[in-house]
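Chemist: Just dropping this structure here.
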Amino acid sequence: MKAAGAIVVLLFGSLLIYCTLDFPSWGDPTSPASTHVSPYYIENTLKDTSVPNIVTAVLADYRGYDTMFETIVIFSAGIACLFLLRRFKHVEPDTRLYRHVPTGITFRIEKGGRYPRESDLFERIDLQWVPHDLIIKTTCRMIIPFIQIFALYVIAHGHHSPGGGFQGGVILGASVILFAVSHNLRAATNRISEKNAVLLCTLGVFLYAATGGLCLLLGSNFLDYSALSQIFGIDPVTARSHGILLVEIGVGMAVMATMISLYYNLASAGKLDEGL
Amino acid sequence: MLWLIQMIILIIVVITALAAITVRDLLGAAILFGAYSFMMCLLWAIMGAVDVAFTEASVGAGISTVLFVSAVFRTSRRTKD
Amino acid sequence: MHDLTLIIISKLNYWIYISLMMIGLYAMIVKNNLVKKIIGMNILQTAVILFFISIGAKNKATIPIIEHAHGSGDHAVSALNYINPLPHVLMLTAIVVAVATLGVALALIIKLHQQYRTLEEDEILAQLQDD
């Protein structure tokens with residue numbers, strides 16, 4: 001097996017190296033990749049859409065159909081992970097561990113005992129428990145709002161700086177994962193439950209497709225944002241810029257919800273009770 | 001000058017890639033993969049692809065490493081090979 | 001001999017990208033552990049993305065965000081001053097697909113571990129042949 005793998009790799013590698021002898025030199029402005037379609041995009045983006053970030057404009061406006069299917073791909077990856085791992089039948093574990101917060105004593109209650117009521121004094125911890133770490137909890141609680149504000153900035157400022165819907169959505173999802181890692185998985189699930197996460201994901205994809213459908217209903221092509229100028233009362237160039245913002249928000253919502261749902265399912269192996 | 005920085009970061013990228021598939025501890029392999037992602041992000045930022053570098057920094061080094069670590073946590077950590 | 005050194009110097013970075021791709025492919029084929037195979041798949045994906053981004057580079061050109069866009073009047077935008085934005089757009093989609101594939105692959109690994117209690121490929125095949 002190793003010999004066959006080494007032979008295949010060497011064969012492919014030498015074939016590819018032989019092909020590189022024909023390549024244009026690095027950074028050549030007259031190479032075929034830089035002279036056919038991309039000069040049109042570079043020169044006409046500001047005139048057509050008034051968005052300085054060429055990559056965002058091409059991704060969300062000129063090639064918006066591709067991006068819609070990319071959003072559907074990431075949505076179906078979250079759904080596939082849910083289908084593969086999730087176990088809905090809730091089996092109660094035999095023992096539970098509780099911690100008395102003021103003194104720090106942990107005690108375990110076997111099956112058949114009486115569980116303490118929900119209050120601030122007793123918190124339930126995972127079976128693979130870690131010591132009560134005040135520094136990590138407090139630091140993460142203070143940092144998470146700033147991470148979320150930065151993520152919203154990245155989504156909204158995608159027109160003028162590197163960024164956009166996808167990057168902002170991933171950072172939003174990462175903030176919720178940070179909360180789930182520093183506290184409990186149950187604490188994160190109480191705030192954004194699994195049902196809400198899947199609903200958000202669907203809403204994001206629906207927002208994207210509905211923007212395209214709205215343009216269709218207003219008489220233009222699917223995903224042709226200049227038709228939005230009829231309902232907003234602005235010129236077509238600014239309407240395209242607003243259409244790009246709308247679909248970026250849709251992409252951001254879908255990506256955030258998928259990252260959260262992926263983490264919930266992977267960290268608890270489908271049972272959604274105890275995580276990392 | 002720029003090609004010198006690119007060469008150094010490329011060598012670090014190759015070393016981390018080789019190390020990530022050779023180490024016997026799966027948690028170490030996941031962390032080395034996170035380091036590989038970060039170096040790739042630097043390389044793309046030097047080449048001028050700022051959007052792609054931003055995406056790789058948030059996705060590859062953030063989400064990917066966390067997902068790997070949680071999957072290793074739920075399965076076994078040592079490997080023989 | 002002088003031609004050979006010239007060829008090597010001008011194409012060396014392409015050869016390093018190809019060797020990175022081959023490292024990922026080798027890990028996917030040869031390694032027994034399933035997590036190592038997935039790491040190899042991701043190395044292959046990011047190496048392909050690196051190769052595509054290197055196609056879009058241009059000498060003496062800046063990043064693809066138009067400067068002085070809403071400032072003083074209209075400047076003529078020349079395609080020679082900005083690097084090629086098309087490979088960036090395509091590679092953004094490629095990174096999204098890579099992370100989606102990673103999520104589903106790790107879910108499959110957890111399922112396999114729950115069924116067979118091991119992650120080594122030869123032990124799983126041996127257990128399959130015993131059934």
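Letters for chains follow the order of the structure tokens (A, B, ...), residue numbers begin at 1 for each chain, and ligand numbers begin at 1 in the order shown.
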Please return, as a PDB file with C-alpha atoms, in the first residue's frame, all residues of chain B lying within 8 Å of chain C when only C-alpha atoms are considered.
Modeler:
ATOM      1  CA  MET B   7      10.322  31.503   0.795  1.00  0.00           C
ATOM      2  CA  LEU B  10       6.707  28.470   2.491  1.00  0.00           C
ATOM      3  CA  VAL B  14       5.893  22.531   4.375  1.00  0.00           C
ATOM      4  CA  ALA B  17       2.284  20.015   6.962  1.00  0.00           C
ATOM      5  CA  LEU B  18       4.790  17.177   7.234  1.00  0.00           C
ATOM      6  CA  ALA B  20       0.851  17.302  11.145  1.00  0.00           C
ATOM      7  CA  ILE B  21       0.642  13.987   9.330  1.00  0.00           C
ATOM      8  CA  LEU B  26      -3.989  13.288  17.381  1.00  0.00           C
ATOM      9  CA  PHE B  33      -2.944  21.835  11.488  1.00  0.00           C
ATOM     10  CA  MET B  40      -1.171  29.829   4.856  1.00  0.00           C
ATOM     11  CA  TRP B  44      -2.019  34.791   1.061  1.00  0.00           C
ATOM     12  CA  MET B  47       0.388  37.801  -2.113  1.00  0.00           C
ATOM     13  CA  GLY B  48      -2.358  40.432  -1.853  1.00  0.00           C
ATOM     14  CA  ALA B  49      -5.402  38.187  -1.382  1.00  0.00           C
ATOM     15  CA  VAL B  50      -6.751  39.947   1.697  1.00  0.00           C
ATOM     16  CA  ASP B  51     -10.307  38.582   1.541  1.00  0.00           C
ATOM     17  CA  VAL B  52      -9.113  35.000   1.217  1.00  0.00           C
ATOM     18  CA  THR B  55     -11.564  33.903   5.551  1.00  0.00           C
ATOM     19  CA  GLU B  56      -8.801  31.382   6.132  1.00  0.00           C
ATOM     20  CA  VAL B  59     -12.352  29.489   9.274  1.00  0.00           C
ATOM     21  CA  GLY B  60      -9.179  27.438   9.115  1.00  0.00           C
ATOM     22  CA  SER B  64     -11.493  23.980  11.865  1.00  0.00           C
ATOM     23  CA  LEU B  67     -14.021  20.993  15.314  1.00  0.00           C
ATOM     24  CA  PHE B  68     -10.944  18.743  15.095  1.00  0.00           C
ATOM     25  CA  ALA B  71     -13.891  15.196  17.364  1.00  0.00           C
ATOM     26  CA  ARG B  74     -15.059  12.213  21.435  1.00  0.00           C
ATOM     27  CA  THR B  75     -12.901   9.452  19.908  1.00  0.00           C
ATOM     28  CA  SER B  76      -9.464   8.174  20.792  1.00  0.00           C
ATOM     29  CA  THR B  79      -2.711   6.385  17.164  1.00  0.00           C
ATOM     30  CA  ASP B  81       0.725   5.381  12.821  1.00  0.00           C
TER      31      ASP B  81
END
Chemist: To test your reading of the structure, identify every residue in chain B that backbone DSSP assigns to helix (DSSP H, G or I), and report it as a PyMOL selection string.
Modeler: chain B and resi 2-22+26-46+50-74
Chemist: Could the residues of chain A within 8 Å of chain C, counting only C-alpha atoms, be given as a PyMOL selection string, please?
Modeler: chain A and resi 1-2+5-6+9-10+12-13+16-17+20-21+25-29+33-34+38-39+42-43+46+52-56+58-59+67+70+73-74+77-78+80-81+84-85+160-161+262+266+269
Chemist: Hey, which of A:Pro24, A:Gly168, A:Gly252, A:Pro116 ends up closest to chain B? Count only C-alpha atoms.
Modeler: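 Distance minimum relative to chain B lands on A:Gly168.
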